[in-house]
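Listing of protein23.cif; format and content: mmCIF, C-alpha atoms.
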```
data_my_file
#
loop_
_atom_site.group_PDB
_atom_site.id
_atom_site.type_symbol
_atom_site.label_atom_id
_atom_site.label_comp_id
_atom_site.auth_asym_id
_atom_site.auth_seq_id
_atom_site.Cartn_x
_atom_site.Cartn_y
_atom_site.Cartn_z
ATOM 1 C CA MET W 738 109.275 25.538 80.201
ATOM 2 C CA THR W 739 109.626 22.263 82.116
ATOM 3 C CA HIS W 740 109.240 18.904 80.399
ATOM 4 C CA VAL W 741 105.992 18.383 82.327
ATOM 5 C CA GLU W 742 104.527 21.608 80.965
ATOM 6 C CA ASP W 743 105.562 20.729 77.421
ATOM 7 C CA GLU W 744 104.262 17.168 77.656
ATOM 8 C CA LEU W 745 100.922 17.960 79.261
ATOM 9 C CA THR W 746 100.118 20.482 76.530
ATOM 10 C CA SER W 747 100.626 17.839 73.825
ATOM 11 C CA GLN W 748 97.883 15.563 75.174
ATOM 12 C CA PRO W 749 95.123 16.510 72.705
ATOM 13 C CA GLU W 750 97.327 15.592 69.751
ATOM 14 C CA CYS W 751 98.451 12.360 71.420
ATOM 15 C CA TRP W 752 94.847 11.356 72.130
ATOM 16 C CA ALA W 753 93.752 12.051 68.571
ATOM 17 C CA ARG W 754 96.607 9.926 67.247
ATOM 18 C CA ALA W 755 95.869 7.133 69.714
ATOM 19 C CA ALA W 756 92.180 7.023 68.844
ATOM 20 C CA ALA W 757 92.893 7.037 65.110
ATOM 21 C CA GLY W 758 95.331 4.135 65.434
ATOM 22 C CA ALA W 759 93.480 2.016 67.978
ATOM 23 C CA THR W 760 92.199 -0.448 65.365
ATOM 24 C CA ALA W 761 95.790 -1.465 64.627
ATOM 25 C CA TYR W 762 95.979 -2.941 68.122
ATOM 26 C CA LYS W 763 92.744 -4.923 67.933
ATOM 27 C CA GLU W 764 94.404 -8.335 68.165
ATOM 28 C CA ALA W 765 96.720 -7.266 70.994
ATOM 29 C CA LEU W 766 93.929 -5.931 73.193
ATOM 30 C CA PRO W 767 91.215 -7.919 74.999
ATOM 31 C CA GLY W 768 88.389 -9.359 72.958
ATOM 32 C CA VAL W 769 84.730 -9.398 73.942
ATOM 33 C CA GLY W 770 84.056 -12.009 76.604
ATOM 34 C CA GLU W 771 87.641 -12.448 77.761
ATOM 35 C CA ARG W 772 88.268 -12.443 81.496
ATOM 36 C CA VAL W 773 90.915 -9.769 81.907
ATOM 37 C CA ALA W 774 93.188 -8.231 84.520
ATOM 38 C CA ILE W 775 94.827 -4.854 83.913
ATOM 39 C CA VAL W 776 97.918 -4.089 85.981
ATOM 40 C CA GLY W 777 100.404 -1.306 86.533
ATOM 41 C CA CYS W 778 102.376 0.592 89.155
ATOM 42 C CA GLY W 779 101.755 4.130 90.380
ATOM 43 C CA THR W 780 100.054 6.199 87.698
ATOM 44 C CA SER W 781 99.632 3.115 85.504
ATOM 45 C CA PHE W 782 97.747 1.330 88.289
ATOM 46 C CA PHE W 783 95.237 4.178 88.492
ATOM 47 C CA MET W 784 94.766 4.112 84.710
ATOM 48 C CA ALA W 785 94.219 0.359 85.017
ATOM 49 C CA GLN W 786 91.460 0.981 87.557
ATOM 50 C CA SER W 787 89.678 3.350 85.184
ATOM 51 C CA ALA W 788 90.072 1.051 82.193
ATOM 52 C CA ALA W 789 88.782 -1.971 84.113
ATOM 53 C CA VAL W 790 85.568 -0.204 85.099
ATOM 54 C CA LEU W 791 85.019 1.087 81.562
ATOM 55 C CA ARG W 792 85.461 -2.349 80.023
ATOM 56 C CA GLU W 793 83.235 -4.199 82.449
ATOM 57 C CA ARG W 794 80.473 -1.580 82.286
ATOM 58 C CA ALA W 795 80.636 -1.721 78.492
ATOM 59 C CA GLY W 796 79.666 -5.381 78.715
ATOM 60 C CA GLN W 797 82.996 -6.575 77.294
ATOM 61 C CA GLY W 798 83.723 -9.047 80.088
ATOM 62 C CA GLU W 799 84.787 -9.378 83.698
ATOM 63 C CA THR W 800 87.743 -7.064 84.283
ATOM 64 C CA ASP W 801 89.884 -6.515 87.374
ATOM 65 C CA ALA W 802 92.682 -4.048 88.130
ATOM 66 C CA PHE W 803 95.671 -4.648 90.383
ATOM 67 C CA ALA W 804 98.927 -3.075 91.370
ATOM 68 C CA ALA W 805 101.429 -5.396 89.682
ATOM 69 C CA SER W 806 102.893 -6.355 93.048
ATOM 70 C CA GLU W 807 99.465 -7.469 94.305
ATOM 71 C CA PHE W 808 98.417 -9.719 91.416
ATOM 72 C CA PRO W 809 96.515 -12.827 92.610
ATOM 73 C CA TYR W 810 98.355 -15.633 90.860
ATOM 74 C CA GLY W 811 95.788 -18.219 91.888
ATOM 75 C CA ARG W 812 93.072 -16.528 89.830
ATOM 76 C CA ALA W 813 92.532 -17.478 86.192
ATOM 77 C CA TYR W 814 92.441 -14.852 83.412
ATOM 78 C CA ASP W 815 92.280 -15.101 79.648
ATOM 79 C CA ARG W 816 94.560 -12.081 79.278
ATOM 80 C CA VAL W 817 96.595 -9.743 81.461
ATOM 81 C CA VAL W 818 97.268 -6.224 80.176
ATOM 82 C CA ALA W 819 100.202 -4.380 81.728
ATOM 83 C CA LEU W 820 100.665 -0.611 81.497
ATOM 84 C CA THR W 821 104.341 0.356 81.713
ATOM 85 C CA ARG W 822 105.723 3.562 80.244
ATOM 86 C CA SER W 823 109.377 2.612 80.692
ATOM 87 C CA GLY W 824 109.133 -1.130 80.050
ATOM 88 C CA THR W 825 111.607 -1.667 82.890
ATOM 89 C CA THR W 826 109.530 -1.634 86.092
ATOM 90 C CA THR W 827 110.554 -4.595 88.218
ATOM 91 C CA GLU W 828 107.127 -5.645 89.492
ATOM 92 C CA VAL W 829 105.632 -5.610 85.981
ATOM 93 C CA LEU W 830 108.482 -7.625 84.467
ATOM 94 C CA GLU W 831 108.312 -10.195 87.250
ATOM 95 C CA LEU W 832 104.557 -10.572 86.789
ATOM 96 C CA LEU W 833 104.738 -11.010 83.016
ATOM 97 C CA GLY W 834 107.622 -13.417 83.389
ATOM 98 C CA ARG W 835 105.694 -15.624 85.797
ATOM 99 C CA LEU W 836 102.675 -15.675 83.492
ATOM 100 C CA GLY W 837 104.721 -16.516 80.411
ATOM 101 C CA GLY W 838 103.620 -19.648 78.592
ATOM 102 C CA GLY W 839 100.233 -19.646 80.294
ATOM 103 C CA THR W 840 98.045 -16.568 80.387
ATOM 104 C CA ARG W 841 98.178 -14.356 77.289
ATOM 105 C CA THR W 842 99.821 -11.022 78.103
ATOM 106 C CA THR W 843 99.855 -7.580 76.491
ATOM 107 C CA ALA W 844 102.105 -4.679 77.440
ATOM 108 C CA ILE W 845 101.224 -1.082 76.604
ATOM 109 C CA THR W 846 104.527 0.774 76.631
ATOM 110 C CA ALA W 847 106.364 3.796 75.259
ATOM 111 C CA ASP W 848 109.620 1.986 74.531
ATOM 112 C CA PRO W 849 109.725 -1.372 72.714
ATOM 113 C CA ARG W 850 113.519 -1.577 73.109
ATOM 114 C CA THR W 851 113.234 -2.555 76.770
ATOM 115 C CA PRO W 852 112.918 -5.863 78.665
ATOM 116 C CA VAL W 853 109.113 -5.816 78.519
ATOM 117 C CA ALA W 854 109.313 -6.787 74.843
ATOM 118 C CA ASP W 855 110.900 -10.085 75.859
ATOM 119 C CA VAL W 856 108.272 -11.094 78.427
ATOM 120 C CA ALA W 857 104.956 -9.935 76.918
ATOM 121 C CA ASP W 858 103.162 -11.856 74.181
ATOM 122 C CA ASP W 859 101.838 -8.687 72.517
ATOM 123 C CA LEU W 860 102.944 -5.058 72.528
ATOM 124 C CA VAL W 861 101.038 -1.818 72.054
ATOM 125 C CA VAL W 862 103.709 0.809 71.466
ATOM 126 C CA LEU W 863 103.023 4.510 72.046
ATOM 127 C CA GLU W 864 106.466 5.969 71.380
ATOM 128 C CA TYR W 865 105.010 9.335 70.417
ATOM 129 C CA ALA W 866 103.596 9.667 73.944
ATOM 130 C CA ASP W 867 106.867 8.932 75.745
ATOM 131 C CA GLU W 868 108.101 11.527 78.225
ATOM 132 C CA ARG W 869 111.323 13.007 79.543
ATOM 133 C CA SER W 870 109.802 14.000 82.874
ATOM 134 C CA VAL W 871 109.661 11.600 85.795
ATOM 135 C CA VAL W 872 106.059 12.717 86.349
ATOM 136 C CA GLN W 873 103.677 11.007 83.920
ATOM 137 C CA THR W 874 101.015 12.966 82.082
ATOM 138 C CA ARG W 875 100.579 12.255 78.373
ATOM 139 C CA PHE W 876 101.636 8.598 78.319
ATOM 140 C CA ALA W 877 99.116 7.610 80.958
ATOM 141 C CA THR W 878 96.197 9.481 79.408
ATOM 142 C CA THR W 879 97.121 8.306 75.914
ATOM 143 C CA ALA W 880 97.208 4.674 77.051
ATOM 144 C CA LEU W 881 93.751 5.099 78.566
ATOM 145 C CA THR W 882 92.569 6.734 75.336
ATOM 146 C CA VAL W 883 93.693 3.691 73.339
ATOM 147 C CA LEU W 884 91.675 1.470 75.660
ATOM 148 C CA ARG W 885 88.621 3.758 75.510
ATOM 149 C CA ALA W 886 88.797 3.780 71.729
ATOM 150 C CA HIS W 887 89.184 -0.010 71.629
ATOM 151 C CA LEU W 888 85.951 -0.234 73.648
ATOM 152 C CA GLY W 889 84.174 2.166 71.286
ATOM 153 C CA LEU W 890 83.929 4.791 74.025
ATOM 154 C CA HIS W 891 86.148 7.519 72.592
ATOM 155 C CA ARG W 892 84.526 10.587 71.047
ATOM 156 C CA ASP W 893 86.060 13.476 69.103
ATOM 157 C CA ALA W 894 84.586 15.750 71.769
ATOM 158 C CA VAL W 895 87.099 14.322 74.268
ATOM 159 C CA VAL W 896 89.993 15.774 72.273
ATOM 160 C CA ALA W 897 88.124 19.065 71.938
ATOM 161 C CA ASP W 898 87.616 19.114 75.705
ATOM 162 C CA ALA W 899 91.334 18.496 76.227
ATOM 163 C CA ARG W 900 92.135 21.558 74.128
ATOM 164 C CA THR W 901 89.615 23.541 76.166
ATOM 165 C CA ALA W 902 91.272 22.301 79.364
ATOM 166 C CA LEU W 903 94.524 23.861 78.196
ATOM 167 C CA GLU W 904 92.889 27.209 77.440
ATOM 168 C CA LEU W 905 90.528 27.725 80.365
ATOM 169 C CA PRO W 906 91.818 29.701 83.347
ATOM 170 C CA LEU W 907 92.310 27.509 86.383
ATOM 171 C CA PRO W 908 89.548 27.841 89.008
ATOM 172 C CA GLU W 909 90.034 30.846 91.247
ATOM 173 C CA GLY W 910 91.219 30.307 94.788
ATOM 174 C CA LEU W 911 93.131 27.078 94.266
ATOM 175 C CA ALA W 912 96.581 28.641 94.592
ATOM 176 C CA GLY W 913 95.842 29.562 98.190
ATOM 177 C CA CYS W 914 94.536 26.148 99.258
ATOM 178 C CA SER W 915 96.524 24.023 101.679
ATOM 179 C CA GLN W 916 94.752 20.716 100.970
ATOM 180 C CA PHE W 917 93.104 19.162 97.901
ATOM 181 C CA THR W 918 90.635 16.301 97.637
ATOM 182 C CA PHE W 919 89.725 14.684 94.317
ATOM 183 C CA LEU W 920 86.522 12.701 93.885
ATOM 184 C CA GLY W 921 85.290 10.317 91.215
ATOM 185 C CA ARG W 922 82.515 7.856 90.450
ATOM 186 C CA GLY W 923 82.811 4.601 88.527
ATOM 187 C CA TRP W 924 85.677 4.838 86.059
ATOM 188 C CA THR W 925 86.670 8.299 87.281
ATOM 189 C CA VAL W 926 87.671 7.040 90.746
ATOM 190 C CA GLY W 927 90.965 5.961 89.175
ATOM 191 C CA LEU W 928 91.319 9.426 87.652
ATOM 192 C CA ALA W 929 90.733 11.003 91.071
ATOM 193 C CA HIS W 930 93.537 8.911 92.563
ATOM 194 C CA GLU W 931 95.785 9.885 89.672
ATOM 195 C CA ALA W 932 94.945 13.582 90.176
ATOM 196 C CA GLY W 933 95.985 13.328 93.798
ATOM 197 C CA LEU W 934 99.213 11.552 92.871
ATOM 198 C CA LYS W 935 100.146 14.232 90.328
ATOM 199 C CA MET W 936 99.716 16.961 92.925
ATOM 200 C CA ARG W 937 101.836 15.074 95.453
ATOM 201 C CA GLU W 938 104.603 14.236 92.970
ATOM 202 C CA ALA W 939 104.925 17.583 91.211
ATOM 203 C CA ALA W 940 103.953 20.092 93.909
ATOM 204 C CA GLN W 941 104.417 18.198 97.213
ATOM 205 C CA ALA W 942 100.797 19.056 97.975
ATOM 206 C CA TRP W 943 98.622 17.460 100.643
ATOM 207 C CA THR W 944 96.051 15.575 98.584
ATOM 208 C CA GLU W 945 93.525 12.796 99.035
ATOM 209 C CA ALA W 946 91.175 10.946 96.682
ATOM 210 C CA TYR W 947 87.947 9.006 97.234
ATOM 211 C CA PRO W 948 84.866 7.617 95.527
ATOM 212 C CA ALA W 949 82.482 10.555 95.710
ATOM 213 C CA MET W 950 79.801 8.791 97.744
ATOM 214 C CA GLU W 951 82.420 7.783 100.327
ATOM 215 C CA TYR W 952 83.447 11.382 100.941
ATOM 216 C CA ARG W 953 80.617 11.915 103.409
ATOM 217 C CA HIS W 954 81.737 8.881 105.416
ATOM 218 C CA GLY W 955 84.545 10.611 107.272
ATOM 219 C CA PRO W 956 86.852 12.448 104.830
ATOM 220 C CA ILE W 957 84.613 15.520 104.641
ATOM 221 C CA SER W 958 85.617 16.231 108.253
ATOM 222 C CA ILE W 959 88.878 17.820 107.044
ATOM 223 C CA THR W 960 87.069 20.170 104.661
ATOM 224 C CA THR W 961 87.105 23.806 105.687
ATOM 225 C CA SER W 962 88.185 27.238 104.527
ATOM 226 C CA GLY W 963 91.446 26.851 102.633
ATOM 227 C CA THR W 964 90.725 23.375 101.281
ATOM 228 C CA ALA W 965 89.482 22.379 97.835
ATOM 229 C CA THR W 966 87.312 19.485 96.665
ATOM 230 C CA TRP W 967 87.469 18.782 92.916
ATOM 231 C CA MET W 968 84.903 16.486 91.291
ATOM 232 C CA LEU W 969 85.919 14.514 88.189
ATOM 233 C CA GLY W 970 82.651 13.660 86.467
ATOM 234 C CA ASP W 971 79.093 14.034 87.719
ATOM 235 C CA ALA W 972 78.714 14.742 91.431
ATOM 236 C CA PRO W 973 76.224 12.990 93.731
ATOM 237 C CA GLU W 974 73.169 15.089 94.436
ATOM 238 C CA GLY W 975 73.683 17.604 97.220
ATOM 239 C CA LEU W 976 77.408 17.025 97.694
ATOM 240 C CA ALA W 977 78.530 20.357 96.220
ATOM 241 C CA GLU W 978 76.229 22.242 98.573
ATOM 242 C CA GLN W 979 77.427 20.217 101.545
ATOM 243 C CA VAL W 980 81.064 21.015 100.769
ATOM 244 C CA ARG W 981 80.330 24.715 100.329
ATOM 245 C CA GLU W 982 78.607 24.754 103.719
ATOM 246 C CA THR W 983 81.902 23.706 105.323
ATOM 247 C CA GLY W 984 83.614 26.793 103.878
ATOM 248 C CA GLY W 985 85.663 24.668 101.493
ATOM 249 C CA LEU W 986 86.101 25.426 97.785
ATOM 250 C CA TRP W 987 84.094 23.165 95.466
ATOM 251 C CA VAL W 988 85.344 22.659 91.885
ATOM 252 C CA THR W 989 82.907 21.228 89.372
ATOM 253 C CA GLY W 990 84.356 19.110 86.569
ATOM 254 C CA ARG W 991 82.499 20.346 83.494
ATOM 255 C CA LEU W 992 84.648 18.669 80.817
ATOM 256 C CA ASP W 993 85.108 15.023 79.927
ATOM 257 C CA PRO W 994 86.764 13.604 83.068
ATOM 258 C CA LEU W 995 89.978 12.709 81.237
ATOM 259 C CA ALA W 996 90.197 16.293 79.984
ATOM 260 C CA GLU W 997 89.447 17.506 83.500
ATOM 261 C CA LEU W 998 92.553 15.608 84.594
ATOM 262 C CA VAL W 999 94.551 17.805 82.200
ATOM 263 C CA ARG W 1000 93.413 20.819 84.241
ATOM 264 C CA VAL W 1001 94.780 19.118 87.349
ATOM 265 C CA HIS W 1002 98.075 18.550 85.521
ATOM 266 C CA ARG W 1003 98.199 22.285 84.870
ATOM 267 C CA LEU W 1004 97.467 23.065 88.501
ATOM 268 C CA ALA W 1005 100.220 20.715 89.680
ATOM 269 C CA ALA W 1006 102.743 22.387 87.372
ATOM 270 C CA ALA W 1007 101.631 25.872 88.428
ATOM 271 C CA LEU W 1008 101.862 25.066 92.129
ATOM 272 C CA ALA W 1009 105.284 23.508 91.635
ATOM 273 C CA ALA W 1010 106.503 26.689 89.948
ATOM 274 C CA ALA W 1011 105.029 28.861 92.697
ATOM 275 C CA ARG W 1012 106.784 26.762 95.332
ATOM 276 C CA GLY W 1013 110.135 26.757 93.536
ATOM 277 C CA LEU W 1014 109.985 23.023 92.797
ATOM 278 C CA ASP W 1015 111.140 21.138 89.718
ATOM 279 C CA PRO W 1016 108.223 18.909 88.650
ATOM 280 C CA ASP W 1017 110.487 17.054 86.231
ATOM 281 C CA ARG W 1018 112.567 15.700 89.112
ATOM 282 C CA PRO W 1019 110.375 15.098 92.177
ATOM 283 C CA ARG W 1020 112.244 14.245 95.338
ATOM 284 C CA HIS W 1021 112.836 10.535 96.031
ATOM 285 C CA LEU W 1022 111.414 9.507 92.634
ATOM 286 C CA THR W 1023 112.891 8.066 89.429
ATOM 287 C CA ARG W 1024 111.386 7.480 85.986
ATOM 288 C CA SER W 1025 111.151 3.742 86.646
ATOM 289 C CA VAL W 1026 111.394 1.654 89.808
ATOM 290 C CA VAL W 1027 114.041 -0.983 89.118
ATOM 291 C CA LEU W 1028 114.754 -3.113 92.160
ATOM 292 C CA THR W 1029 117.933 -5.088 92.773
ATOM 293 C CA PRO W 1030 117.059 -8.666 93.782
ATOM 294 C CA ALA W 1031 118.066 -9.567 97.321
ATOM 295 C CA ALA W 1032 120.685 -12.276 97.676
ATOM 296 C CA GLY W 1033 119.227 -15.727 97.175
ATOM 297 C CA THR W 1034 115.982 -14.594 95.518
ATOM 298 C CA ASP W 1035 114.709 -15.426 92.053
ATOM 299 C CA ALA W 1036 114.635 -12.294 89.881
ATOM 300 C CA ARG W 1037 112.673 -14.072 87.087
#
```
Please re-express this file's structure in structure tokens.
Amino acid sequence: MTHVEDELTSQPECWARAAAGATAYKEALPGVGERVAIVGCGTSFFMAQSAAVLRERAGQGETDAFAASEFPYGRAYDRVVALTRSGTTTEVLELLGRLGGGTRTTAITADPRTPVADVADDLVVLEYADERSVVQTRFATTALTVLRAHLGLHRDAVVADARTALELPLPEGLAGCSQFTFLGRGWTVGLAHEAGLKMREAAQAWTEAYPAMEYRHGPISITTSGTATWMLGDAPEGLAEQVRETGGLWVTGRLDPLAELVRVHRLAAALAAARGLDPDRPRHLTRSVVLTPAAGTDAR
């Protein structure tokens, strides 16, 4: 069994633990009314997108999401929350360092013995969700679970759905598809982007991701026999029928969208195995992106 396979199957237990302990992080996480930015890189950026939509729609306060490298320093926030599994990602450390002494910062990380502990004001530590694989699964979904629970949006049924996601057979026909599109609405748009990333990283698959209503505005033109369109959450009216009319395979997400992402994790691992790939060590990727400062630049 690969590390990815082992780690993705532990997600229900990680989520239950995260939800049960979320109150311990109350002071470290954004309060009602705070103006907040949530940042990350790669998978963490997509989780930030989902968390930002959830918080703002819950009436907790204006919330933005950015890739850490694209943070708008001229914009004022009460708190910046950074998602970083390794605690060593260059862009995240530079951002938190520049904000130090001004904007309050919180880092959600798996390893408190890393440089992020020196630059963030508050830490949320999820050591039990750390991973050996380069490809993230349980840390990302556990971090989002903490934030959902903090907002009062977590339900026990989510953990039950995650267990179901590990038991259900994968949808028929996916193994033979040459292209995969993942769709979301609202907070699940970030999950759709993360689903596509997992398939690219682990299985070198051709994947795309869009807000569901945008799919008709061009992307559906690639849909045909041998492609799959997977909806995370509730689909817009008539879209499933429109995709089926193209000859493409439509996959309905029937579980909580975060649990539906677990099914995508399983698909990515299965496709990697079928293609003779090692999902623990994707080509050109490392566990953390640590950049060496160019001569004459300020590493901060």
Selection under test: the PyMOL selection byres ((chain W and resi 788-796) around 7); residues as a list in words: Ile775, Met784, Ala785, Gln786, Ser787, Gln797, Gly798, Glu799, Thr800, Asp801, Ala802, Leu881, Leu884, Leu888, Gly923 and Trp924 of chain W
How would the residues just picked look written out with C-alpha atoms as a PDB file, in the frame of the given file?
```pdb
ATOM      1  CA  ILE W 775      94.827  -4.854  83.913  1.00  0.00           C
ATOM      2  CA  MET W 784      94.766   4.112  84.710  1.00  0.00           C
ATOM      3  CA  ALA W 785      94.219   0.359  85.017  1.00  0.00           C
ATOM      4  CA  GLN W 786      91.460   0.981  87.557  1.00  0.00           C
ATOM      5  CA  SER W 787      89.678   3.350  85.184  1.00  0.00           C
ATOM      6  CA  GLN W 797      82.996  -6.575  77.294  1.00  0.00           C
ATOM      7  CA  GLY W 798      83.723  -9.047  80.088  1.00  0.00           C
ATOM      8  CA  GLU W 799      84.787  -9.378  83.698  1.00  0.00           C
ATOM      9  CA  THR W 800      87.743  -7.064  84.283  1.00  0.00           C
ATOM     10  CA  ASP W 801      89.884  -6.515  87.374  1.00  0.00           C
ATOM     11  CA  ALA W 802      92.682  -4.048  88.130  1.00  0.00           C
ATOM     12  CA  LEU W 881      93.751   5.099  78.566  1.00  0.00           C
ATOM     13  CA  LEU W 884      91.675   1.470  75.660  1.00  0.00           C
ATOM     14  CA  LEU W 888      85.951  -0.234  73.648  1.00  0.00           C
ATOM     15  CA  GLY W 923      82.811   4.601  88.527  1.00  0.00           C
ATOM     16  CA  TRP W 924      85.677   4.838  86.059  1.00  0.00           C
TER      17      TRP W 924
END
```
Nearby residues (only C-alpha atoms) at most 9 Å from segment 907-914 of chain W, same-chain spacing under 4 positions excluded, as a list of chain:residue names: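 Residues near the query, excluding close chain neighbours: W:Ala902, W:Ser962, W:Gly963, W:Thr964, W:Ala965, W:Leu986, W:Val988, W:Arg1000, W:Val1001, W:Arg1003, W:Leu1004, W:Ala1007, W:Leu1008, W:Ala1011.
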Selection under test: the PyMOL selection byres ((chain W and resi 922) around 12); residues as a PyMOL selection string: chain W and resi 786-787+790-791+919-921+923-930+946-952+968-973+994
Since I can't run it myself right now, could you work out what the PyMOL selection byres ((chain W and resi 992) around 12) selects here and report it as an mmCIF file with C-alpha atoms, in the coordinates of the input?
```cif
data_model
loop_
_atom_site.group_PDB
_atom_site.id
_atom_site.type_symbol
_atom_site.label_atom_id
_atom_site.label_comp_id
_atom_site.auth_asym_id
_atom_site.auth_seq_id
_atom_site.Cartn_x
_atom_site.Cartn_y
_atom_site.Cartn_z
ATOM 1 C CA ALA W 894 84.586 15.750 71.769
ATOM 2 C CA VAL W 895 87.099 14.322 74.268
ATOM 3 C CA VAL W 896 89.993 15.774 72.273
ATOM 4 C CA ALA W 897 88.124 19.065 71.938
ATOM 5 C CA ASP W 898 87.616 19.114 75.705
ATOM 6 C CA ALA W 899 91.334 18.496 76.227
ATOM 7 C CA ARG W 900 92.135 21.558 74.128
ATOM 8 C CA THR W 901 89.615 23.541 76.166
ATOM 9 C CA ALA W 902 91.272 22.301 79.364
ATOM 10 C CA LEU W 903 94.524 23.861 78.196
ATOM 11 C CA LEU W 905 90.528 27.725 80.365
ATOM 12 C CA MET W 968 84.903 16.486 91.291
ATOM 13 C CA LEU W 969 85.919 14.514 88.189
ATOM 14 C CA GLY W 970 82.651 13.660 86.467
ATOM 15 C CA ASP W 971 79.093 14.034 87.719
ATOM 16 C CA VAL W 988 85.344 22.659 91.885
ATOM 17 C CA THR W 989 82.907 21.228 89.372
ATOM 18 C CA GLY W 990 84.356 19.110 86.569
ATOM 19 C CA ARG W 991 82.499 20.346 83.494
ATOM 20 C CA ASP W 993 85.108 15.023 79.927
ATOM 21 C CA PRO W 994 86.764 13.604 83.068
ATOM 22 C CA LEU W 995 89.978 12.709 81.237
ATOM 23 C CA ALA W 996 90.197 16.293 79.984
ATOM 24 C CA GLU W 997 89.447 17.506 83.500
ATOM 25 C CA LEU W 998 92.553 15.608 84.594
ATOM 26 C CA VAL W 999 94.551 17.805 82.200
ATOM 27 C CA ARG W 1000 93.413 20.819 84.241
#
```
Computed interatomic separation between atom CA of Leu766 of chain W and atom CA of Arg885 of chain W (Å):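 Those two atoms sit 11.3 Å apart.
Atom to atom, atom CA of Gly889 of chain W and atom CA of Ala805 of chain W stand 26.3 Å apart.
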Distance query Trp943 of chain W at most 8 Å, all atoms listed in the file, self and fewer than 4 positions along chain excluded, as a PyMOL selection string: chain W and resi 915-917+936-937
